[in-house]
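Peer 1: Okay, here's the structure, questions in a sec.
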Amino acid sequence: MSSLKLYKEININNINYLLISIFFLYSVYVIKHHYDGHHIGLVYSNAIDLINGKIPYKEIFIQYGFLTTLIHSLILLLFDNKLFFISVSSVFFYTTSILLISLSVKNLINSNYALMTSAIILFNHPIAFLPWPNYIVFFFISLSIFLISKKNINYFLIGLFFSLAILSRQEVIIPIFLSFFILCLFNLD
């Protein structure tokens with residue numbers, strides 16, 4: 001079988017989904033054997049304090065963003081206070097973000113570049129083993145970029161997801177507003 005015929009029979013999109021799925025499963029395997037009492041304990045204790053009714057920013061020191069602590073609290077409530085699932089949720093947010101970036105590239109260019117984008121990101125940062133808010137922020141920003149890449153643009157949803165990114169980690173407000181300002185400058189036709 002020639003390589004051109006094999007290329008036509010293999011669906012690039014399926015390879016992309018398979019690659020992202022393999023890295024998801026590999027990350028879950030790695031975090032199963034990873035323990036970091038300081039970093040993981042910080043987000044876990046914040047989530048437990050929120051579940052126990054403590055007041056955010058008064059009785060709980062939320063270092064990154066309220067939405068991150070709220071998401072971690074909901075995960076603990078859903079999965080019987082098991083710390084492992086906070087880390088799994090980080091992996092889920094990360095790999096879903098890569099999928100969304102890949103779909104954005106597919107919408108803007110083509111499937112080959114989408115696969116290349118996924119491979120570059122995954123081989124550069126293969127495992128999301130700490131439950132940091134960066135992965136939640138990455139998810140909301142990737143979702144916003146995906147919505148921008150579609151033909152029918154819903155500005156309300158894009159703004160909502162950028163706002164959720166800011167609520168997940170307050171420090172991203174400056175880059176988001178700066179990016180919006182630069183985008184407005186380029187669209188001044």
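Each chain of the structure tokens is named A, B, ... in the order shown, its residues numbered from 1; ligands are numbered from 1 in display order.
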Which residues of stretch 52-95 of chain A have any atom within 12 Å of an atom in stretch 141-152 of chain A when counting only C-alpha atoms, and what is the closest pair of atoms for each, with the distance in Å to one decimal? Order the rows by chain and rising number and write it as JSON lines.

Peer 2:
{"residue": "A:Phe93", "atom": "CA", "partner": "A:Ser142", "partner_atom": "CA", "distance": 10.1}
{"residue": "A:Tyr94", "atom": "CA", "partner": "A:Ser142", "partner_atom": "CA", "distance": 9.8}
{"residue": "A:Thr95", "atom": "CA", "partner": "A:Ser142", "partner_atom": "CA", "distance": 10.8}

Peer 1: Just to be explicit: take each residue in the selection above, keep C-alpha atoms, and write the result as a short mmCIF file (atom, residue, chain, number, x, y, z; two decimals), in the first residue's frame.

Peer 2:
data_model
loop_
_atom_site.label_atom_id
_atom_site.label_comp_id
_atom_site.auth_asym_id
_atom_site.auth_seq_id
_atom_site.Cartn_x
_atom_site.Cartn_y
_atom_site.Cartn_z
CA PHE A 93 -9.44 20.83 31.71
CA TYR A 94 -5.96 20.71 30.15
CA THR A 95 -6.65 18.08 27.52
#

Peer 1: Which residues, written as a list of chain:residue names, have at least one atom at most 9 Å from stretch 73-83 of chain A, with only C-alpha atoms counted and residues fewer than 4 positions away on the same chain left out?

Peer 2: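 Near neighbours after the sequence-gap exclusion: A:Ile40, A:Gly41, A:Tyr44, A:Asn46, A:Ala47, A:Ile48, A:Asp49, A:Leu50, A:Ile51, A:Thr68, A:Thr69, A:Ser87, A:Ser89.
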
Peer 1: Which of stretch 101-177 of chain A end up as helix (DSSP H, G or I) when DSSP is run on this backbone - answer as a PDB file with N, CA, C and O atoms, in the first residue's frame?

Peer 2:
ATOM      1  N   ILE A 101      -8.162  24.181  21.241  1.00  0.00           N
ATOM      2  CA  ILE A 101      -7.162  24.908  20.445  1.00  0.00           C
ATOM      3  C   ILE A 101      -6.980  24.213  19.098  1.00  0.00           C
ATOM      4  O   ILE A 101      -6.923  24.853  18.047  1.00  0.00           O
ATOM      5  N   SER A 102      -6.933  22.895  19.126  1.00  0.00           N
ATOM      6  CA  SER A 102      -6.790  22.128  17.897  1.00  0.00           C
ATOM      7  C   SER A 102      -7.986  22.343  16.960  1.00  0.00           C
ATOM      8  O   SER A 102      -7.821  22.517  15.753  1.00  0.00           O
ATOM      9  N   LEU A 103      -9.185  22.341  17.522  1.00  0.00           N
ATOM     10  CA  LEU A 103     -10.378  22.586  16.697  1.00  0.00           C
ATOM     11  C   LEU A 103     -10.406  24.015  16.161  1.00  0.00           C
ATOM     12  O   LEU A 103     -10.890  24.251  15.046  1.00  0.00           O
ATOM     13  N   SER A 104      -9.864  24.951  16.931  1.00  0.00           N
ATOM     14  CA  SER A 104      -9.776  26.334  16.450  1.00  0.00           C
ATOM     15  C   SER A 104      -8.843  26.425  15.251  1.00  0.00           C
ATOM     16  O   SER A 104      -9.153  27.084  14.253  1.00  0.00           O
ATOM     17  N   VAL A 105      -7.691  25.745  15.353  1.00  0.00           N
ATOM     18  CA  VAL A 105      -6.742  25.728  14.238  1.00  0.00           C
ATOM     19  C   VAL A 105      -7.373  25.031  13.031  1.00  0.00           C
ATOM     20  O   VAL A 105      -7.206  25.478  11.893  1.00  0.00           O
ATOM     21  N   LYS A 106      -8.118  23.971  13.278  1.00  0.00           N
ATOM     22  CA  LYS A 106      -8.809  23.281  12.181  1.00  0.00           C
ATOM     23  C   LYS A 106      -9.817  24.212  11.510  1.00  0.00           C
ATOM     24  O   LYS A 106      -9.920  24.232  10.279  1.00  0.00           O
ATOM     25  N   ASN A 107     -10.563  24.992  12.306  1.00  0.00           N
ATOM     26  CA  ASN A 107     -11.529  25.928  11.728  1.00  0.00           C
ATOM     27  C   ASN A 107     -10.839  27.021  10.910  1.00  0.00           C
ATOM     28  O   ASN A 107     -11.364  27.455   9.885  1.00  0.00           O
ATOM     29  N   LEU A 108      -9.679  27.466  11.364  1.00  0.00           N
ATOM     30  CA  LEU A 108      -8.990  28.572  10.705  1.00  0.00           C
ATOM     31  C   LEU A 108      -8.081  28.133   9.562  1.00  0.00           C
ATOM     32  O   LEU A 108      -7.923  28.856   8.579  1.00  0.00           O
ATOM     33  N   SER A 111      -6.963  20.441   9.114  1.00  0.00           N
ATOM     34  CA  SER A 111      -6.788  19.355  10.090  1.00  0.00           C
ATOM     35  C   SER A 111      -5.328  18.983  10.309  1.00  0.00           C
ATOM     36  O   SER A 111      -4.953  18.561  11.407  1.00  0.00           O
ATOM     37  N   ASN A 112      -4.509  19.093   9.275  1.00  0.00           N
ATOM     38  CA  ASN A 112      -3.092  18.747   9.432  1.00  0.00           C
ATOM     39  C   ASN A 112      -2.409  19.673  10.433  1.00  0.00           C
ATOM     40  O   ASN A 112      -1.655  19.220  11.293  1.00  0.00           O
ATOM     41  N   TYR A 113      -2.680  20.952  10.319  1.00  0.00           N
ATOM     42  CA  TYR A 113      -2.099  21.899  11.270  1.00  0.00           C
ATOM     43  C   TYR A 113      -2.702  21.733  12.660  1.00  0.00           C
ATOM     44  O   TYR A 113      -2.047  21.993  13.663  1.00  0.00           O
ATOM     45  N   ALA A 114      -3.942  21.298  12.727  1.00  0.00           N
ATOM     46  CA  ALA A 114      -4.574  21.046  14.026  1.00  0.00           C
ATOM     47  C   ALA A 114      -3.858  19.904  14.743  1.00  0.00           C
ATOM     48  O   ALA A 114      -3.577  19.999  15.948  1.00  0.00           O
ATOM     49  N   LEU A 115      -3.548  18.838  14.010  1.00  0.00           N
ATOM     50  CA  LEU A 115      -2.801  17.720  14.593  1.00  0.00           C
ATOM     51  C   LEU A 115      -1.403  18.167  15.023  1.00  0.00           C
ATOM     52  O   LEU A 115      -0.937  17.813  16.109  1.00  0.00           O
ATOM     53  N   MET A 116      -0.759  18.958  14.187  1.00  0.00           N
ATOM     54  CA  MET A 116       0.573  19.453  14.515  1.00  0.00           C
ATOM     55  C   MET A 116       0.532  20.336  15.773  1.00  0.00           C
ATOM     56  O   MET A 116       1.406  20.244  16.633  1.00  0.00           O
ATOM     57  N   THR A 117      -0.504  21.143  15.895  1.00  0.00           N
ATOM     58  CA  THR A 117      -0.657  21.998  17.076  1.00  0.00           C
ATOM     59  C   THR A 117      -0.814  21.156  18.335  1.00  0.00           C
ATOM     60  O   THR A 117      -0.168  21.420  19.360  1.00  0.00           O
ATOM     61  N   SER A 118      -1.660  20.147  18.274  1.00  0.00           N
ATOM     62  CA  SER A 118      -1.843  19.256  19.434  1.00  0.00           C
ATOM     63  C   SER A 118      -0.533  18.580  19.818  1.00  0.00           C
ATOM     64  O   SER A 118      -0.188  18.504  21.000  1.00  0.00           O
ATOM     65  N   ALA A 119       0.174  18.081  18.817  1.00  0.00           N
ATOM     66  CA  ALA A 119       1.438  17.376  19.094  1.00  0.00           C
ATOM     67  C   ALA A 119       2.461  18.317  19.721  1.00  0.00           C
ATOM     68  O   ALA A 119       3.137  17.942  20.689  1.00  0.00           O
ATOM     69  N   ILE A 120       2.571  19.532  19.213  1.00  0.00           N
ATOM     70  CA  ILE A 120       3.546  20.484  19.758  1.00  0.00           C
ATOM     71  C   ILE A 120       3.215  20.810  21.209  1.00  0.00           C
ATOM     72  O   ILE A 120       4.091  20.805  22.078  1.00  0.00           O
ATOM     73  N   ILE A 121       1.941  21.080  21.495  1.00  0.00           N
ATOM     74  CA  ILE A 121       1.560  21.419  22.870  1.00  0.00           C
ATOM     75  C   ILE A 121       1.763  20.228  23.799  1.00  0.00           C
ATOM     76  O   ILE A 121       2.334  20.361  24.890  1.00  0.00           O
ATOM     77  N   LEU A 122       1.319  19.050  23.376  1.00  0.00           N
ATOM     78  CA  LEU A 122       1.397  17.875  24.249  1.00  0.00           C
ATOM     79  C   LEU A 122       2.825  17.410  24.492  1.00  0.00           C
ATOM     80  O   LEU A 122       3.154  16.985  25.603  1.00  0.00           O
ATOM     81  N   PHE A 123       3.670  17.500  23.479  1.00  0.00           N
ATOM     82  CA  PHE A 123       5.050  17.068  23.699  1.00  0.00           C
ATOM     83  C   PHE A 123       5.851  18.129  24.446  1.00  0.00           C
ATOM     84  O   PHE A 123       6.882  17.826  25.037  1.00  0.00           O
ATOM     85  N   ASN A 124       5.373  19.358  24.442  1.00  0.00           N
ATOM     86  CA  ASN A 124       6.019  20.412  25.215  1.00  0.00           C
ATOM     87  C   ASN A 124       5.610  20.361  26.687  1.00  0.00           C
ATOM     88  O   ASN A 124       6.418  20.592  27.576  1.00  0.00           O
ATOM     89  N   PRO A 133      -4.892  26.696  38.935  1.00  0.00           N
ATOM     90  CA  PRO A 133      -5.947  27.398  38.196  1.00  0.00           C
ATOM     91  C   PRO A 133      -5.553  27.692  36.758  1.00  0.00           C
ATOM     92  O   PRO A 133      -6.417  28.009  35.942  1.00  0.00           O
ATOM     93  N   ASN A 134      -4.273  27.574  36.433  1.00  0.00           N
ATOM     94  CA  ASN A 134      -3.835  27.835  35.059  1.00  0.00           C
ATOM     95  C   ASN A 134      -4.574  26.949  34.057  1.00  0.00           C
ATOM     96  O   ASN A 134      -4.888  27.385  32.946  1.00  0.00           O
ATOM     97  N   TYR A 135      -4.834  25.710  34.437  1.00  0.00           N
ATOM     98  CA  TYR A 135      -5.503  24.796  33.520  1.00  0.00           C
ATOM     99  C   TYR A 135      -6.976  25.166  33.347  1.00  0.00           C
ATOM    100  O   TYR A 135      -7.533  25.004  32.263  1.00  0.00           O
ATOM    101  N   ILE A 136      -7.591  25.670  34.389  1.00  0.00           N
ATOM    102  CA  ILE A 136      -8.987  26.120  34.288  1.00  0.00           C
ATOM    103  C   ILE A 136      -9.045  27.383  33.449  1.00  0.00           C
ATOM    104  O   ILE A 136      -9.912  27.534  32.585  1.00  0.00           O
ATOM    105  N   VAL A 137      -8.103  28.305  33.667  1.00  0.00           N
ATOM    106  CA  VAL A 137      -8.033  29.524  32.862  1.00  0.00           C
ATOM    107  C   VAL A 137      -7.770  29.168  31.397  1.00  0.00           C
ATOM    108  O   VAL A 137      -8.395  29.722  30.487  1.00  0.00           O
ATOM    109  N   PHE A 138      -6.852  28.246  31.173  1.00  0.00           N
ATOM    110  CA  PHE A 138      -6.539  27.797  29.815  1.00  0.00           C
ATOM    111  C   PHE A 138      -7.785  27.250  29.128  1.00  0.00           C
ATOM    112  O   PHE A 138      -8.024  27.512  27.947  1.00  0.00           O
ATOM    113  N   PHE A 139      -8.597  26.524  29.882  1.00  0.00           N
ATOM    114  CA  PHE A 139      -9.840  25.984  29.324  1.00  0.00           C
ATOM    115  C   PHE A 139     -10.784  27.107  28.874  1.00  0.00           C
ATOM    116  O   PHE A 139     -11.293  27.094  27.761  1.00  0.00           O
ATOM    117  N   PHE A 140     -11.022  28.080  29.745  1.00  0.00           N
ATOM    118  CA  PHE A 140     -11.955  29.152  29.393  1.00  0.00           C
ATOM    119  C   PHE A 140     -11.421  30.028  28.256  1.00  0.00           C
ATOM    120  O   PHE A 140     -12.187  30.439  27.380  1.00  0.00           O
ATOM    121  N   ILE A 141     -10.121  30.293  28.240  1.00  0.00           N
ATOM    122  CA  ILE A 141      -9.548  31.074  27.141  1.00  0.00           C
ATOM    123  C   ILE A 141      -9.598  30.273  25.843  1.00  0.00           C
ATOM    124  O   ILE A 141      -9.930  30.813  24.784  1.00  0.00           O
ATOM    125  N   SER A 142      -9.299  28.984  25.905  1.00  0.00           N
ATOM    126  CA  SER A 142      -9.367  28.130  24.711  1.00  0.00           C
ATOM    127  C   SER A 142     -10.788  28.043  24.181  1.00  0.00           C
ATOM    128  O   SER A 142     -11.007  28.053  22.960  1.00  0.00           O
ATOM    129  N   LEU A 143     -11.749  27.961  25.082  1.00  0.00           N
ATOM    130  CA  LEU A 143     -13.149  27.934  24.669  1.00  0.00           C
ATOM    131  C   LEU A 143     -13.537  29.238  23.995  1.00  0.00           C
ATOM    132  O   LEU A 143     -14.241  29.234  22.974  1.00  0.00           O
ATOM    133  N   SER A 144     -13.061  30.352  24.513  1.00  0.00           N
ATOM    134  CA  SER A 144     -13.339  31.650  23.888  1.00  0.00           C
ATOM    135  C   SER A 144     -12.699  31.738  22.504  1.00  0.00           C
ATOM    136  O   SER A 144     -13.335  32.211  21.555  1.00  0.00           O
ATOM    137  N   ILE A 145     -11.469  31.284  22.381  1.00  0.00           N
ATOM    138  CA  ILE A 145     -10.787  31.303  21.078  1.00  0.00           C
ATOM    139  C   ILE A 145     -11.506  30.392  20.094  1.00  0.00           C
ATOM    140  O   ILE A 145     -11.661  30.734  18.912  1.00  0.00           O
ATOM    141  N   PHE A 146     -11.965  29.245  20.563  1.00  0.00           N
ATOM    142  CA  PHE A 146     -12.722  28.345  19.694  1.00  0.00           C
ATOM    143  C   PHE A 146     -13.995  29.034  19.182  1.00  0.00           C
ATOM    144  O   PHE A 146     -14.336  28.937  18.008  1.00  0.00           O
ATOM    145  N   LEU A 147     -14.694  29.727  20.073  1.00  0.00           N
ATOM    146  CA  LEU A 147     -15.910  30.428  19.656  1.00  0.00           C
ATOM    147  C   LEU A 147     -15.596  31.558  18.679  1.00  0.00           C
ATOM    148  O   LEU A 147     -16.395  31.846  17.771  1.00  0.00           O
ATOM    149  N   ILE A 148     -14.443  32.205  18.831  1.00  0.00           N
ATOM    150  CA  ILE A 148     -14.035  33.254  17.904  1.00  0.00           C
ATOM    151  C   ILE A 148     -13.727  32.659  16.536  1.00  0.00           C
ATOM    152  O   ILE A 148     -13.998  33.269  15.505  1.00  0.00           O
ATOM    153  N   SER A 149     -13.201  31.438  16.502  1.00  0.00           N
ATOM    154  CA  SER A 149     -12.799  30.818  15.231  1.00  0.00           C
ATOM    155  C   SER A 149     -13.978  30.295  14.412  1.00  0.00           C
ATOM    156  O   SER A 149     -13.811  29.952  13.257  1.00  0.00           O
ATOM    157  N   TYR A 155     -20.727  36.907  20.697  1.00  0.00           N
ATOM    158  CA  TYR A 155     -19.889  37.751  21.544  1.00  0.00           C
ATOM    159  C   TYR A 155     -20.250  37.651  23.017  1.00  0.00           C
ATOM    160  O   TYR A 155     -19.398  37.824  23.879  1.00  0.00           O
ATOM    161  N   PHE A 156     -21.506  37.360  23.306  1.00  0.00           N
ATOM    162  CA  PHE A 156     -21.908  37.212  24.703  1.00  0.00           C
ATOM    163  C   PHE A 156     -21.186  36.032  25.349  1.00  0.00           C
ATOM    164  O   PHE A 156     -20.632  36.147  26.445  1.00  0.00           O
ATOM    165  N   LEU A 157     -21.205  34.877  24.665  1.00  0.00           N
ATOM    166  CA  LEU A 157     -20.530  33.693  25.220  1.00  0.00           C
ATOM    167  C   LEU A 157     -19.020  33.895  25.316  1.00  0.00           C
ATOM    168  O   LEU A 157     -18.387  33.469  26.286  1.00  0.00           O
ATOM    169  N   ILE A 158     -18.448  34.554  24.314  1.00  0.00           N
ATOM    170  CA  ILE A 158     -17.007  34.816  24.347  1.00  0.00           C
ATOM    171  C   ILE A 158     -16.667  35.675  25.564  1.00  0.00           C
ATOM    172  O   ILE A 158     -15.737  35.376  26.316  1.00  0.00           O
ATOM    173  N   GLY A 159     -17.421  36.726  25.781  1.00  0.00           N
ATOM    174  CA  GLY A 159     -17.199  37.580  26.947  1.00  0.00           C
ATOM    175  C   GLY A 159     -17.428  36.840  28.253  1.00  0.00           C
ATOM    176  O   GLY A 159     -16.700  37.035  29.227  1.00  0.00           O
ATOM    177  N   LEU A 160     -18.451  35.976  28.284  1.00  0.00           N
ATOM    178  CA  LEU A 160     -18.730  35.187  29.487  1.00  0.00           C
ATOM    179  C   LEU A 160     -17.551  34.289  29.834  1.00  0.00           C
ATOM    180  O   LEU A 160     -17.108  34.229  30.993  1.00  0.00           O
ATOM    181  N   PHE A 161     -17.001  33.603  28.842  1.00  0.00           N
ATOM    182  CA  PHE A 161     -15.898  32.674  29.122  1.00  0.00           C
ATOM    183  C   PHE A 161     -14.607  33.412  29.463  1.00  0.00           C
ATOM    184  O   PHE A 161     -13.827  32.949  30.299  1.00  0.00           O
ATOM    185  N   PHE A 162     -14.375  34.583  28.853  1.00  0.00           N
ATOM    186  CA  PHE A 162     -13.224  35.379  29.282  1.00  0.00           C
ATOM    187  C   PHE A 162     -13.411  35.862  30.717  1.00  0.00           C
ATOM    188  O   PHE A 162     -12.459  35.915  31.494  1.00  0.00           O
ATOM    189  N   SER A 163     -14.632  36.198  31.088  1.00  0.00           N
ATOM    190  CA  SER A 163     -14.913  36.616  32.476  1.00  0.00           C
ATOM    191  C   SER A 163     -14.700  35.467  33.447  1.00  0.00           C
ATOM    192  O   SER A 163     -14.161  35.664  34.545  1.00  0.00           O
ATOM    193  N   LEU A 164     -15.110  34.258  33.053  1.00  0.00           N
ATOM    194  CA  LEU A 164     -14.876  33.092  33.910  1.00  0.00           C
ATOM    195  C   LEU A 164     -13.384  32.805  34.058  1.00  0.00           C
ATOM    196  O   LEU A 164     -12.929  32.361  35.121  1.00  0.00           O
ATOM    197  N   ALA A 165     -12.616  33.082  32.998  1.00  0.00           N
ATOM    198  CA  ALA A 165     -11.157  32.926  33.095  1.00  0.00           C
ATOM    199  C   ALA A 165     -10.594  33.888  34.126  1.00  0.00           C
ATOM    200  O   ALA A 165      -9.732  33.521  34.941  1.00  0.00           O
ATOM    201  N   ILE A 166     -11.098  35.120  34.134  1.00  0.00           N
ATOM    202  CA  ILE A 166     -10.631  36.111  35.103  1.00  0.00           C
ATOM    203  C   ILE A 166     -11.044  35.708  36.519  1.00  0.00           C
ATOM    204  O   ILE A 166     -10.281  35.880  37.470  1.00  0.00           O
ATOM    205  N   LEU A 167     -12.245  35.156  36.670  1.00  0.00           N
ATOM    206  CA  LEU A 167     -12.678  34.707  37.998  1.00  0.00           C
ATOM    207  C   LEU A 167     -11.890  33.482  38.480  1.00  0.00           C
ATOM    208  O   LEU A 167     -11.824  33.224  39.675  1.00  0.00           O
ATOM    209  N   SER A 168     -11.311  32.734  37.558  1.00  0.00           N
ATOM    210  CA  SER A 168     -10.508  31.575  37.936  1.00  0.00           C
ATOM    211  C   SER A 168      -9.114  31.969  38.404  1.00  0.00           C
ATOM    212  O   SER A 168      -8.532  31.317  39.250  1.00  0.00           O
ATOM    213  N   GLN A 170      -7.273  35.859  38.888  1.00  0.00           N
ATOM    214  CA  GLN A 170      -7.437  37.291  38.684  1.00  0.00           C
ATOM    215  C   GLN A 170      -6.322  37.921  37.857  1.00  0.00           C
ATOM    216  O   GLN A 170      -6.555  38.916  37.173  1.00  0.00           O
ATOM    217  N   GLU A 171      -5.132  37.373  37.892  1.00  0.00           N
ATOM    218  CA  GLU A 171      -3.993  37.983  37.212  1.00  0.00           C
ATOM    219  C   GLU A 171      -4.142  38.031  35.694  1.00  0.00           C
ATOM    220  O   GLU A 171      -3.431  38.774  35.034  1.00  0.00           O
ATOM    221  N   VAL A 172      -5.048  37.250  35.117  1.00  0.00           N
ATOM    222  CA  VAL A 172      -5.184  37.230  33.658  1.00  0.00           C
ATOM    223  C   VAL A 172      -6.005  38.400  33.131  1.00  0.00           C
ATOM    224  O   VAL A 172      -6.158  38.541  31.925  1.00  0.00           O
ATOM    225  N   ILE A 173      -6.522  39.241  33.993  1.00  0.00           N
ATOM    226  CA  ILE A 173      -7.335  40.365  33.537  1.00  0.00           C
ATOM    227  C   ILE A 173      -6.508  41.318  32.672  1.00  0.00           C
ATOM    228  O   ILE A 173      -6.994  41.812  31.646  1.00  0.00           O
ATOM    229  N   ILE A 174      -5.268  41.561  33.039  1.00  0.00           N
ATOM    230  CA  ILE A 174      -4.428  42.492  32.273  1.00  0.00           C
ATOM    231  C   ILE A 174      -4.118  41.936  30.883  1.00  0.00           C
ATOM    232  O   ILE A 174      -4.315  42.637  29.884  1.00  0.00           O
ATOM    233  N   PRO A 175      -3.654  40.675  30.737  1.00  0.00           N
ATOM    234  CA  PRO A 175      -3.414  40.167  29.377  1.00  0.00           C
ATOM    235  C   PRO A 175      -4.685  40.090  28.520  1.00  0.00           C
ATOM    236  O   PRO A 175      -4.631  40.339  27.313  1.00  0.00           O
ATOM    237  N   ILE A 176      -5.822  39.781  29.140  1.00  0.00           N
ATOM    238  CA  ILE A 176      -7.061  39.698  28.354  1.00  0.00           C
ATOM    239  C   ILE A 176      -7.453  41.075  27.844  1.00  0.00           C
ATOM    240  O   ILE A 176      -7.781  41.244  26.665  1.00  0.00           O
ATOM    241  N   PHE A 177      -7.402  42.087  28.715  1.00  0.00           N
ATOM    242  CA  PHE A 177      -7.750  43.431  28.266  1.00  0.00           C
ATOM    243  C   PHE A 177      -6.738  43.981  27.272  1.00  0.00           C
ATOM    244  O   PHE A 177      -7.102  44.656  26.314  1.00  0.00           O
TER     245      PHE A 177
END

Peer 1: Which of these, A:Ile153, A:Val91, A:Leu130, A:Leu99, has the shortest distance to A:Tyr26 once you count only C-alpha atoms?

Peer 2: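 Going through A:Ile153, A:Val91, A:Leu130, A:Leu99 one by one, the smallest distance to A:Tyr26 is for A:Val91.
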
Peer 1: A:Cys184, A:Pro131, A:Glu59, A:Asn154: which is nearest A:His38, counting only C-alpha atoms?

Peer 2: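 Between A:Cys184, A:Pro131, A:Glu59, A:Asn154, the residue approaching A:His38 most closely is A:Pro131.
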
Peer 1: Out of A:Phe180, A:Ile62, A:Lys32, A:Ser97, which residue has the shortest atom-to-atom distance to A:Ser45 when counting only C-alpha atoms?

Peer 2: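 The answer is A:Ile62, which sits nearest to A:Ser45.
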
Peer 1: Using only C-alpha atoms, pick whichever of A:Asp36, A:Ala128, A:Asn16, A:Phe61 has the shortest atom-to-atom distance to A:Leu100.

Peer 2: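 Nearest to A:Leu100: A:Asn16.
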
Peer 1: Mind giving me the straight-line distance from atom CA of A:Ser27 to atom CA of A:Ile109 in Å, one decimal?

Peer 2: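 Between atom CA of A:Ser27 and atom CA of A:Ile109 the gap is 28.6 Å.
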